[in-house]
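The structure under discussion appears below in the form of structure tokens.
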Amino acid sequence: MYIEVRGKKTYAATGGKDFDSSLPTVMFVHGSGLDHRSWALQTRWFAYNGYSVLAPDLPGHSLSEGDALESIEDMGAWLAEFLRAASVDKVHAVGHSQGFLDVLELANQAPELLKSITGIGTAGAIPVNPALIEAAKNSAGAAAEMLLLWGFGPDAQFGISAVPGMQPIAIGREIMARNPLHADLVACAAYANGSAVAKTIKVPAQLILARKDRLTPVKAGMAFAEELGASVTVIERYGHMLPIEAPRQTLQKLRELIGALESSH
Amino acid sequence: MSRSSFLKPDTVALHAGYVPESDHGSRAVPIYQTTSYVFESVSEGSSLFNVEQGGHIYSRITNPTVAVLEQRIAALEGGSGSICTASGMSALFTVFITLCSAGDHIVSATQIYGSTATLLKHTIKRLGIECSFVPVNDKEALRNAIQPNTKMVFCESIGNPGLEISDIPAISAIAHEAGVPVVVDATFATPCLCRPIDHGADIVVHSVTKWMGGHGVAIGGVVVDGGRFDWEKSGRFPELTEPYAPFHGIRFWEEFGPSALAMKMRAESMRDVGAAMSPHNAFLILQGIETLSLRMKQHVANAKALLEWLQQQDAVTWTNYPDMESNSSHALAATLFPDGAGSMLCFGVVGGRSGGAAFIDSLELASNLANVGDARTLVLHPASTTHSRLTGDDMKAAGISADMIRVSVGIEDIADIKSDFARGFKAAQRVAGAA
């Protein structure tokens with residue numbers, strides 16, 4: 001569906017069902033250079049099993065209008081405006097990689113909008129190699145290649161796909177090469193509030209990490225989970241792109257946490 | 001490296017799409033000879049049907065062995081995904097029927113395989129889909145032929161049997177200017193020699209029966225979605241951008257982006273047309289692909305050596321090979337096919353049609369049959385077989401003459417191929433002399 005945020009047409013995937021703000025809502029926030037399609041194999045399940053789903057494309061990404069936002073802090077503020085524009089009171093917020101930093105900032109700026117937070121393939125800070133930022137400045141396509149090479153785990157590098165017949169590396173390349181990857185990476189690299197925000201978070205939190213993650217190594221994720229007081233799951237064999245590489249395992253962990261919280265209400 | 005994999009093509013050919021499975025550690029890709037797959041629960045079955053998760057339901061739609069082949073070919077071609085089908089012709093039909101509806105239009109090169117020409121000219125016409133034919137690489141004719149209802153431009157990377165080279169970058173530029181995707185049948189080249197997506201094409205089709213399989217033991221086809229075409233921006237494809245009623249109103253472009261076409265073909269054509277590849281055939285074709293690059297090197301080397309030898313034979317009236325120096329497509333072939341423009345060549349023999357027949361009938365090593373791309377050398381007389389359904393004018397437009405011999409040069413020792421052909425030339429010369 002499309003809604004207007006900051007005067008710009010904004011796309012949000014709803015998992016194949018019309019959005020209904022009266023249902024428990026799960027919001028999925030994509031990582032650097034990506035879009036709602038990262039969540040194709042999680043959003044539909046939630047939408048068809050009693051939840052409403054919002055998976056926005058951040059400004060300037062894929063189907064959303066506007067310029068890319070320049071800081072994680074602004075992305076957090078934008079997410080709050082997006083949720084208010086969608087008339088949502090509270091969400092379970094799920095973020096992949098940079099998307100989780102956005103969720104942390106949402107928690108910092110508008111904690112009243114959150115029921116729980118989940119970070120996938122992430123940490124409290126995501127340092128970015130300056131060479132990657134420089135590459136992205138010159139060519140989003142070249143930087144996308146570097147990210148895809150480091151981002152996907154060994155099985156995906158051997159052409160294994162959770163969706164029969166598809167090649168996630170080529171799909172990722174197409175999406176990232178067209179999106180404002182440079183702005184995202186700069187914002188990611190500059191973000192330093194993670195630890196401070198972690199101390200303020202009151203809602204249940206979990207991290208789902210990947211053993212073969214070369215972009216946000218497990219060690220960094222585990223350390224941040226401790227700061228956050230979050231439960232942690234480490235999925236073996238897979239790399240940074242967990243929602244795409246290991247969609248079933250990722251969905252299972254999301255179902256467990258979100259399902260348990262909803263059934264306790 | 002292709003757009004789909006960081007591995008080198010020879011490694012992709014051996015490994016892409018499969019890692020040894022956990023239960024038994026089978027190093028070779030197993031043959032999943034099954035029609036269907038047990039659901040863990042009713043809820044899991046429901047989620048598979050609703051595309052809430054990836055997985056297999058029924059082998060008409062997907063099969064694990066076939067999926068390995070699909071992922072391997074997508075990686076070789078640099079596509080976002082691919083769909084294997086029962087044959088090359090069903091792959092073409094799948095593309096046509098996925099992108100076109102009654103009232104739509106296709107622009108095709110004239111110089112294409114006879115059965116494809118028949119499909120475009122007659123069969124899909126009955127479904128209300130029209131096709132205009134233009135000489136391949138005639139840029140003005142192509143530009144003029146594109147209409148508001150045109151859904152694709154179709155060509156073969158190397159034409160069958162005339163061996164014309166399609167100028168894929170130029171064709172793609174003209175088509176894209178009009179918001180129309182380019183579909184290339186790349187059967188004669190294989191991804192070892194030319195990857196059309198790298199040159200601007202949007203969709204690649206193969207008959208994998210040919211060089212990809214390479215052993216003449218299994219029929220199959222594949223459609224590779226290049227993943228780069230912007231179906232929304234084009235404005236010509238409500239099939240991909242508007243809600244699709246049979247699937248809860250899914251919008252393929254919104255939902256899947258770069259794999260929208262592949263997902264639509266899977267969801268609709270495999271379900272409704274059902275031209276599925278068998279798992280056993282997928283396994284056989286995988287065996288062929290593992291050695292594809294080695295075979296293609298030998299195919300090309302033999303084709304070039306045979307061509308050179310043919311040009312010295314008195315019984316040969318003319319020869320044709322795409323990157324022959326005297327060929328007008330030589331420069332284009334050198335650009336698009338730096339490692340050789342395949343292993344098909346054509347020539348004429350003395351004695352015309354009857355000389356050609358005498359040549360073919362006297363061969364002992366080469367086989368006279370309606371296939372190409374086998375590891376063995378194959379010969380055919382197109383005018384009386386594959387293209388016999390065409391009218392005289394259509395045959396001429398397709399670059400076929402009555403004396404044409406089509407050769408799919410195999411990987412036998414070149415000395416034995418020459419020796420066999422020498423026997424054939426003596427027979428042709430006897431016929432020509434008697435006349």
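By order in the structure tokens, chains are A, B, ...; within a chain, residues start at 1; ligands start at 1, following the order shown.
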
Could you name the residues that touch Ala13 of chain A at 7 Å or less, counting only C-alpha atoms, but leaving out those on the same chain fewer than 3 positions away, as a PyMOL selection string? chain A and resi 1+36+54-56

Could those selected residues go to a file with N, CA, C and O atoms, as a tab-separated table (two decimals), in the first residue's frame?
chain	number	residue	atom	x	y	z
A	1	MET	N	0.85	-1.18	0.00
A	1	MET	CA	0.00	0.00	0.00
A	1	MET	C	0.90	1.25	0.00
A	1	MET	O	2.09	1.17	0.32
A	36	HIS	N	11.55	-3.76	0.81
A	36	HIS	CA	10.58	-4.66	1.46
A	36	HIS	C	10.72	-6.10	1.02
A	36	HIS	O	10.26	-7.01	1.68
A	54	LEU	N	3.53	-4.29	8.10
A	54	LEU	CA	4.02	-3.12	7.37
A	54	LEU	C	5.51	-3.32	7.11
A	54	LEU	O	6.28	-3.47	8.06
A	55	ALA	N	5.89	-3.36	5.87
A	55	ALA	CA	7.32	-3.45	5.52
A	55	ALA	C	7.62	-2.30	4.57
A	55	ALA	O	7.52	-2.44	3.35
A	56	PRO	N	7.96	-1.13	5.14
A	56	PRO	CA	8.13	0.05	4.28
A	56	PRO	C	9.43	0.01	3.49
A	56	PRO	O	10.42	-0.60	3.92

Would you mind listing, as a PyMOL selection string, all residues of chain A that have at least one atom within 9 Å of chain B, where only C-alpha atoms are what counts? chain A and resi 13+15-17+36-37+40-46+48+63+145+149+155-175+247-248

Measuring atom to atom with only C-alpha atoms, identify which of A:Glu236, A:Val53, A:Phe19, A:Ala220 is nearest to Pro154 of chain A.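 Closest to Pro154 of chain A, using only C-alpha atoms: A:Glu236.
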
Members of segment 215-348 of chain B assigned strand (DSSP E or B) by DSSP, as number ranges by chain: B: 221-225, 244, 250, 316-320, 344-348

Write down as a PyMOL selection string the residues of segment 50-261 of chain A whose backbone DSSP state falls under alpha helix (DSSP H). chain A and resi 72-85+98-109+130-138+140-151+154-157+168-178+181-190+194-198+218-228+242-245+247-261

Would you export the selected residues with C-alpha atoms as an mmCIF file, in the first residue's frame, please?
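So the final result, stored in part30.cif, reads:
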data_model
loop_
_atom_site.group_PDB
_atom_site.id
_atom_site.type_symbol
_atom_site.label_atom_id
_atom_site.label_comp_id
_atom_site.auth_asym_id
_atom_site.auth_seq_id
_atom_site.Cartn_x
_atom_site.Cartn_y
_atom_site.Cartn_z
ATOM 1 C CA ILE A 72 19.932 6.748 11.595
ATOM 2 C CA GLU A 73 18.414 9.248 13.998
ATOM 3 C CA ASP A 74 16.322 10.704 11.182
ATOM 4 C CA MET A 75 15.354 7.227 10.027
ATOM 5 C CA GLY A 76 14.078 6.503 13.544
ATOM 6 C CA ALA A 77 12.083 9.727 13.488
ATOM 7 C CA TRP A 78 10.758 8.887 10.045
ATOM 8 C CA LEU A 79 9.611 5.446 11.216
ATOM 9 C CA ALA A 80 7.610 7.086 13.998
ATOM 10 C CA GLU A 81 5.971 9.441 11.495
ATOM 11 C CA PHE A 82 5.316 6.504 9.176
ATOM 12 C CA LEU A 83 3.560 4.523 11.922
ATOM 13 C CA ARG A 84 1.451 7.507 12.911
ATOM 14 C CA ALA A 85 0.525 8.074 9.283
ATOM 15 C CA GLN A 98 20.923 -1.179 9.483
ATOM 16 C CA GLY A 99 17.157 -1.593 9.818
ATOM 17 C CA PHE A 100 17.695 -2.597 13.446
ATOM 18 C CA LEU A 101 19.656 0.579 14.119
ATOM 19 C CA ASP A 102 16.617 2.434 12.753
ATOM 20 C CA VAL A 103 14.444 0.460 15.167
ATOM 21 C CA LEU A 104 16.733 1.363 18.062
ATOM 22 C CA GLU A 105 16.318 5.025 17.202
ATOM 23 C CA LEU A 106 12.562 4.552 16.941
ATOM 24 C CA ALA A 107 12.715 3.088 20.437
ATOM 25 C CA ASN A 108 14.758 6.066 21.582
ATOM 26 C CA GLN A 109 12.460 8.689 20.115
ATOM 27 C CA PRO A 130 35.724 3.427 4.324
ATOM 28 C CA ALA A 131 36.680 1.663 1.098
ATOM 29 C CA LEU A 132 33.116 0.357 0.835
ATOM 30 C CA ILE A 133 31.685 3.826 1.426
ATOM 31 C CA GLU A 134 34.017 5.238 -1.210
ATOM 32 C CA ALA A 135 33.004 2.493 -3.646
ATOM 33 C CA ALA A 136 29.320 3.248 -3.014
ATOM 34 C CA LYS A 137 29.933 6.931 -3.648
ATOM 35 C CA ASN A 138 31.208 6.130 -7.117
ATOM 36 C CA ALA A 140 26.111 1.641 -6.027
ATOM 37 C CA GLY A 141 26.532 -1.428 -8.249
ATOM 38 C CA ALA A 142 30.188 -1.916 -7.312
ATOM 39 C CA ALA A 143 29.441 -1.468 -3.624
ATOM 40 C CA ALA A 144 26.489 -3.848 -3.904
ATOM 41 C CA GLU A 145 28.855 -6.494 -5.235
ATOM 42 C CA MET A 146 31.136 -6.093 -2.228
ATOM 43 C CA LEU A 147 28.227 -6.269 0.171
ATOM 44 C CA LEU A 148 26.746 -9.326 -1.527
ATOM 45 C CA LEU A 149 30.087 -11.111 -1.537
ATOM 46 C CA TRP A 150 30.558 -10.483 2.178
ATOM 47 C CA GLY A 151 26.891 -10.535 3.061
ATOM 48 C CA PRO A 154 28.624 -20.017 1.937
ATOM 49 C CA ASP A 155 25.465 -21.823 0.772
ATOM 50 C CA ALA A 156 24.142 -18.757 -1.025
ATOM 51 C CA GLN A 157 27.560 -18.282 -2.616
ATOM 52 C CA PRO A 168 19.347 -14.231 -4.438
ATOM 53 C CA ILE A 169 22.702 -12.657 -5.339
ATOM 54 C CA ALA A 170 21.367 -11.386 -8.669
ATOM 55 C CA ILE A 171 18.145 -10.222 -7.029
ATOM 56 C CA GLY A 172 20.088 -8.376 -4.318
ATOM 57 C CA ARG A 173 22.369 -6.808 -6.896
ATOM 58 C CA GLU A 174 19.414 -5.403 -8.852
ATOM 59 C CA ILE A 175 17.761 -3.943 -5.777
ATOM 60 C CA MET A 176 20.891 -2.505 -4.165
ATOM 61 C CA ALA A 177 22.341 -1.069 -7.350
ATOM 62 C CA ARG A 178 19.226 1.091 -7.837
ATOM 63 C CA LEU A 181 23.386 2.630 -0.820
ATOM 64 C CA HIS A 182 25.971 5.336 -0.212
ATOM 65 C CA ALA A 183 23.671 7.397 1.994
ATOM 66 C CA ASP A 184 22.689 4.302 3.977
ATOM 67 C CA LEU A 185 26.287 3.233 4.556
ATOM 68 C CA VAL A 186 27.331 6.717 5.650
ATOM 69 C CA ALA A 187 24.426 6.829 8.102
ATOM 70 C CA CYS A 188 25.272 3.368 9.385
ATOM 71 C CA ALA A 189 28.931 4.192 9.912
ATOM 72 C CA ALA A 190 28.120 7.381 11.790
ATOM 73 C CA GLY A 194 23.307 2.070 20.194
ATOM 74 C CA SER A 195 24.741 1.437 23.636
ATOM 75 C CA ALA A 196 23.070 4.505 25.150
ATOM 76 C CA VAL A 197 19.706 3.589 23.650
ATOM 77 C CA ALA A 198 20.032 -0.030 24.811
ATOM 78 C CA VAL A 218 28.254 -12.857 15.959
ATOM 79 C CA LYS A 219 30.666 -11.568 18.603
ATOM 80 C CA ALA A 220 29.449 -7.990 18.112
ATOM 81 C CA GLY A 221 25.829 -9.092 18.174
ATOM 82 C CA MET A 222 26.299 -11.134 21.350
ATOM 83 C CA ALA A 223 27.977 -8.220 23.116
ATOM 84 C CA PHE A 224 25.116 -5.918 22.200
ATOM 85 C CA ALA A 225 22.516 -8.485 23.276
ATOM 86 C CA GLU A 226 24.046 -8.375 26.721
ATOM 87 C CA GLU A 227 23.797 -4.585 26.824
ATOM 88 C CA LEU A 228 20.223 -4.808 25.635
ATOM 89 C CA LEU A 242 19.379 -14.181 7.200
ATOM 90 C CA PRO A 243 15.830 -13.153 6.164
ATOM 91 C CA ILE A 244 16.699 -14.229 2.604
ATOM 92 C CA GLU A 245 19.194 -17.045 3.241
ATOM 93 C CA PRO A 247 13.857 -17.480 5.899
ATOM 94 C CA ARG A 248 12.260 -20.444 7.600
ATOM 95 C CA GLN A 249 14.512 -20.332 10.680
ATOM 96 C CA THR A 250 14.183 -16.549 10.868
ATOM 97 C CA LEU A 251 10.403 -16.723 10.659
ATOM 98 C CA GLN A 252 10.288 -19.434 13.305
ATOM 99 C CA LYS A 253 12.145 -17.291 15.833
ATOM 100 C CA LEU A 254 9.952 -14.287 15.039
ATOM 101 C CA ARG A 255 6.826 -16.386 15.474
ATOM 102 C CA GLU A 256 8.029 -17.675 18.827
ATOM 103 C CA LEU A 257 8.729 -14.261 20.358
ATOM 104 C CA ILE A 258 5.891 -12.287 18.836
ATOM 105 C CA GLY A 259 3.435 -15.156 19.243
ATOM 106 C CA ALA A 260 4.326 -15.564 22.924
ATOM 107 C CA LEU A 261 3.940 -11.844 23.597
#

Can you tell me how far atom CA of Leu76 of chain B sits from atom CA of Thr291 of chain B, in Å to one decimal? 13.0 Å

Take atom CA of His176 of chain B and atom CA of Thr98 of chain B and report the distance between them in Å, one decimal. 18.9 Å

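For the set A:Arg237, A:Lys90, A:Lys115, A:Lys8, the residue with the smallest atom-to-atom gap to Lys202 of chain A is A:Lys115, counting only C-alpha atoms.
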
Mind checking which residues fall within 12 Å of Ser234 of chain B, counting only C-alpha atoms, ignoring those fewer than 6 positions away in the same chain, and posting them as an mmCIF file with N, CA, C and O atoms, in the first residue's frame?
data_model
loop_
_atom_site.group_PDB
_atom_site.id
_atom_site.type_symbol
_atom_site.label_atom_id
_atom_site.label_comp_id
_atom_site.auth_asym_id
_atom_site.auth_seq_id
_atom_site.Cartn_x
_atom_site.Cartn_y
_atom_site.Cartn_z
ATOM 1 N N PRO B 148 2.176 -0.030 -29.987
ATOM 2 C CA PRO B 148 1.805 0.194 -28.574
ATOM 3 C C PRO B 148 1.488 -1.106 -27.833
ATOM 4 O O PRO B 148 1.618 -1.166 -26.609
ATOM 5 N N ASN B 149 1.061 -2.143 -28.576
ATOM 6 C CA ASN B 149 0.717 -3.409 -27.905
ATOM 7 C C ASN B 149 1.840 -4.448 -28.008
ATOM 8 O O ASN B 149 1.625 -5.627 -27.716
ATOM 9 N N THR B 150 3.025 -4.033 -28.427
ATOM 10 C CA THR B 150 4.141 -4.978 -28.536
ATOM 11 C C THR B 150 4.648 -5.345 -27.144
ATOM 12 O O THR B 150 4.911 -4.470 -26.323
ATOM 13 N N LYS B 151 4.811 -6.650 -26.907
ATOM 14 C CA LYS B 151 5.216 -7.121 -25.580
ATOM 15 C C LYS B 151 6.638 -7.644 -25.532
ATOM 16 O O LYS B 151 7.173 -7.864 -24.444
ATOM 17 N N MET B 152 7.235 -7.888 -26.682
ATOM 18 C CA MET B 152 8.637 -8.326 -26.652
ATOM 19 C C MET B 152 9.232 -8.273 -28.050
ATOM 20 O O MET B 152 8.513 -8.296 -29.051
ATOM 21 N N ALA B 175 14.641 -1.666 -28.409
ATOM 22 C CA ALA B 175 13.474 -2.198 -27.685
ATOM 23 C C ALA B 175 13.265 -1.450 -26.368
ATOM 24 O O ALA B 175 12.137 -1.067 -26.029
ATOM 25 N N HIS B 176 14.342 -1.215 -25.646
ATOM 26 C CA HIS B 176 14.217 -0.560 -24.333
ATOM 27 C C HIS B 176 13.748 0.886 -24.457
ATOM 28 O O HIS B 176 13.034 1.388 -23.586
ATOM 29 N N GLU B 177 14.163 1.520 -25.539
ATOM 30 C CA GLU B 177 13.694 2.886 -25.793
ATOM 31 C C GLU B 177 12.165 2.928 -25.832
ATOM 32 O O GLU B 177 11.537 3.893 -25.405
ATOM 33 N N ALA B 178 11.577 1.826 -26.321
ATOM 34 C CA ALA B 178 10.118 1.759 -26.419
ATOM 35 C C ALA B 178 9.491 1.074 -25.201
ATOM 36 O O ALA B 178 8.277 0.851 -25.176
ATOM 37 N N GLY B 179 10.301 0.713 -24.214
ATOM 38 C CA GLY B 179 9.762 0.045 -23.024
ATOM 39 C C GLY B 179 9.398 -1.409 -23.272
ATOM 40 O O GLY B 179 8.476 -1.942 -22.645
ATOM 41 N N VAL B 180 10.127 -2.049 -24.158
ATOM 42 C CA VAL B 180 9.820 -3.437 -24.536
ATOM 43 C C VAL B 180 11.020 -4.330 -24.184
ATOM 44 O O VAL B 180 12.160 -3.968 -24.477
ATOM 45 N N PRO B 181 10.767 -5.483 -23.565
ATOM 46 C CA PRO B 181 11.886 -6.373 -23.223
ATOM 47 C C PRO B 181 12.361 -7.192 -24.429
ATOM 48 O O PRO B 181 11.612 -7.394 -25.387
ATOM 49 N N ARG B 228 16.411 -7.475 -14.739
ATOM 50 C CA ARG B 228 16.735 -6.047 -14.848
ATOM 51 C C ARG B 228 15.616 -5.206 -15.433
ATOM 52 O O ARG B 228 15.629 -3.986 -15.327
ATOM 53 N N LEU B 240 1.997 -8.215 -14.730
ATOM 54 C CA LEU B 240 3.003 -8.275 -13.669
ATOM 55 C C LEU B 240 2.846 -7.171 -12.629
ATOM 56 O O LEU B 240 3.372 -7.284 -11.529
ATOM 57 N N THR B 241 2.131 -6.116 -12.992
ATOM 58 C CA THR B 241 2.066 -4.979 -12.070
ATOM 59 C C THR B 241 0.702 -4.824 -11.392
ATOM 60 O O THR B 241 0.597 -4.170 -10.367
ATOM 61 N N TRP B 253 5.261 -7.659 -9.456
ATOM 62 C CA TRP B 253 6.359 -6.681 -9.479
ATOM 63 C C TRP B 253 6.601 -6.118 -8.080
ATOM 64 O O TRP B 253 7.736 -6.060 -7.611
#

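Of note, atom CA of Ala434 of chain B and atom CA of Val350 of chain B are spaced 11.4 Å apart.
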
Would you pick out the contacts of Thr10 of chain A at 8 Å or less, using only C-alpha atoms, so that residues sharing its chain but fewer than 4 positions from it are not included, and give the list as JSON, numbers by chain? {"A": [2, 3, 4, 5, 56, 57, 58, 59, 63, 64, 65]}

Excluding Leu92 of chain B and any residue of its chain fewer than 5 positions from it, enumerate the residues within 8 Å of it, using only C-alpha atoms, and give them as an mmCIF file with N, CA and C atoms, in the first residue's frame.
data_model
loop_
_atom_site.group_PDB
_atom_site.id
_atom_site.type_symbol
_atom_site.label_atom_id
_atom_site.label_comp_id
_atom_site.auth_asym_id
_atom_site.auth_seq_id
_atom_site.Cartn_x
_atom_site.Cartn_y
_atom_site.Cartn_z
ATOM 1 N N THR B 116 9.889 -22.476 -34.172
ATOM 2 C CA THR B 116 9.581 -21.223 -33.469
ATOM 3 C C THR B 116 8.809 -20.294 -34.400
ATOM 4 N N VAL B 205 16.354 -17.782 -23.350
ATOM 5 C CA VAL B 205 15.718 -19.092 -23.482
ATOM 6 C C VAL B 205 16.734 -20.060 -24.085
ATOM 7 N N VAL B 223 13.865 -21.002 -19.209
ATOM 8 C CA VAL B 223 13.703 -19.559 -19.368
ATOM 9 C C VAL B 223 14.445 -18.892 -18.223
#

What are the nearest atom pairs, with distances in Å to one decimal, for all residues of segment 379-435 of chain B that come at most 12 Å from segment 310-332 of chain B, using only C-alpha atoms, set out by chain and rising residue number as a Markdown table?
| residue | atom | partner | partner_atom | distance |
| --- | --- | --- | --- | --- |
| B:Gly399 | CA | B:Asn320 | CA | 10.9 |
| B:Ile400 | CA | B:Asn320 | CA | 11.5 |
| B:Ser401 | CA | B:Trp318 | CA | 11.2 |
| B:Asp403 | CA | B:Thr317 | CA | 9.3 |
| B:Met404 | CA | B:Trp318 | CA | 9.1 |
| B:Ile405 | CA | B:Thr319 | CA | 9.5 |
| B:Arg406 | CA | B:Asn320 | CA | 9.6 |
| B:Val407 | CA | B:Tyr321 | CA | 10.4 |
| B:Ser408 | CA | B:Tyr321 | CA | 11.3 |
| B:Val409 | CA | B:Tyr321 | CA | 11.5 |
| B:Ile417 | CA | B:Leu310 | CA | 11.2 |
| B:Lys418 | CA | B:Leu310 | CA | 8.6 |
| B:Ser419 | CA | B:Leu310 | CA | 11.6 |
| B:Phe421 | CA | B:Leu310 | CA | 9.0 |
| B:Ala422 | CA | B:Gln313 | CA | 8.7 |
| B:Arg423 | CA | B:Ala315 | CA | 11.1 |
| B:Gly424 | CA | B:Ala315 | CA | 9.5 |
| B:Phe425 | CA | B:Ala315 | CA | 5.8 |
| B:Lys426 | CA | B:Ala315 | CA | 7.9 |
| B:Ala427 | CA | B:Ala315 | CA | 9.7 |
| B:Ala428 | CA | B:Ala315 | CA | 7.2 |
| B:Gln429 | CA | B:Ala315 | CA | 6.3 |
| B:Arg430 | CA | B:Ala315 | CA | 10.1 |
| B:Val431 | CA | B:Ala315 | CA | 10.9 |
| B:Ala432 | CA | B:Ala315 | CA | 9.1 |
| B:Gly433 | CA | B:Ala315 | CA | 10.8 |

What's the 10 Å shell around Gly88 of chain B, counting only C-alpha atoms, without same-chain residues fewer than 3 positions away, as a list in words? Cys84, Thr85, Ala91, Leu92, Phe93, Thr94, Thr116, Asp185, Thr187, Val205, His206, Ser207, Val208, Thr209, Lys210, Ile219, Gly220, Gly221, Val222 and Val223 of chain B

How would the residues just chosen look if you wrote them out with N, CA, C and O atoms as a compact mmCIF listing (two decimals), in the first residue's frame?
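What landed in out.txt:
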# COMPACT_ATOMS: atom_id res chain seq x y z
N CYS B 84 12.78 -24.27 -15.53
CA CYS B 84 13.02 -25.32 -16.52
C CYS B 84 11.69 -25.88 -17.01
O CYS B 84 10.72 -25.98 -16.24
N THR B 85 11.68 -26.26 -18.25
CA THR B 85 10.46 -26.76 -18.86
C THR B 85 10.75 -28.06 -19.61
O THR B 85 11.90 -28.48 -19.72
N ALA B 91 9.55 -23.86 -23.35
CA ALA B 91 10.14 -22.67 -22.70
C ALA B 91 9.71 -21.41 -23.45
O ALA B 91 9.31 -20.41 -22.84
N LEU B 92 9.77 -21.47 -24.78
CA LEU B 92 9.33 -20.32 -25.58
C LEU B 92 7.84 -20.04 -25.37
O LEU B 92 7.43 -18.89 -25.18
N PHE B 93 7.05 -21.10 -25.39
CA PHE B 93 5.60 -20.92 -25.21
C PHE B 93 5.32 -20.29 -23.84
O PHE B 93 4.44 -19.43 -23.71
N THR B 94 6.08 -20.72 -22.85
CA THR B 94 5.91 -20.17 -21.50
C THR B 94 6.16 -18.66 -21.48
O THR B 94 5.40 -17.90 -20.89
N THR B 116 9.89 -22.48 -34.17
CA THR B 116 9.58 -21.22 -33.47
C THR B 116 8.81 -20.29 -34.40
O THR B 116 7.84 -19.64 -33.98
N ASP B 185 16.79 -16.38 -27.72
CA ASP B 185 17.04 -17.82 -27.70
C ASP B 185 18.53 -18.00 -27.93
O ASP B 185 19.05 -17.71 -29.02
N THR B 187 20.34 -20.83 -27.54
CA THR B 187 20.66 -22.26 -27.58
C THR B 187 21.98 -22.54 -28.28
O THR B 187 22.79 -23.35 -27.80
N VAL B 205 16.35 -17.78 -23.35
CA VAL B 205 15.72 -19.09 -23.48
C VAL B 205 16.73 -20.06 -24.09
O VAL B 205 17.54 -19.67 -24.94
N HIS B 206 16.70 -21.30 -23.61
CA HIS B 206 17.54 -22.34 -24.21
C HIS B 206 16.71 -23.59 -24.44
O HIS B 206 15.86 -23.93 -23.61
N SER B 207 17.03 -24.29 -25.49
CA SER B 207 16.72 -25.70 -25.53
C SER B 207 17.93 -26.37 -24.91
O SER B 207 19.01 -26.42 -25.51
N VAL B 208 17.77 -26.87 -23.68
CA VAL B 208 18.91 -27.50 -23.00
C VAL B 208 19.15 -28.91 -23.51
O VAL B 208 20.10 -29.57 -23.11
N THR B 209 18.26 -29.35 -24.39
CA THR B 209 18.43 -30.61 -25.10
C THR B 209 19.76 -30.63 -25.85
O THR B 209 20.36 -31.68 -26.06
N LYS B 210 20.20 -29.45 -26.27
CA LYS B 210 21.33 -29.34 -27.20
C LYS B 210 22.66 -29.34 -26.42
O LYS B 210 22.92 -30.24 -25.68
N ILE B 219 15.37 -34.33 -23.34
CA ILE B 219 14.76 -33.11 -23.88
C ILE B 219 14.48 -32.15 -22.72
O ILE B 219 14.02 -32.59 -21.66
N GLY B 220 14.72 -30.87 -22.94
CA GLY B 220 14.41 -29.90 -21.89
C GLY B 220 14.59 -28.48 -22.37
O GLY B 220 15.22 -28.22 -23.41
N GLY B 221 14.03 -27.55 -21.62
CA GLY B 221 14.16 -26.13 -21.95
C GLY B 221 14.29 -25.31 -20.68
O GLY B 221 14.07 -25.82 -19.58
N VAL B 222 14.67 -24.06 -20.85
CA VAL B 222 14.77 -23.18 -19.68
C VAL B 222 14.49 -21.74 -20.11
O VAL B 222 14.81 -21.34 -21.24
N VAL B 223 13.87 -21.00 -19.21
CA VAL B 223 13.70 -19.56 -19.37
C VAL B 223 14.45 -18.89 -18.22
O VAL B 223 14.20 -19.22 -17.06

Top pick for closest residue to Leu119 of chain B, considering B:Leu390, B:Ile168, B:Leu292, B:Ala397 and counting only C-alpha atoms: B:Leu390
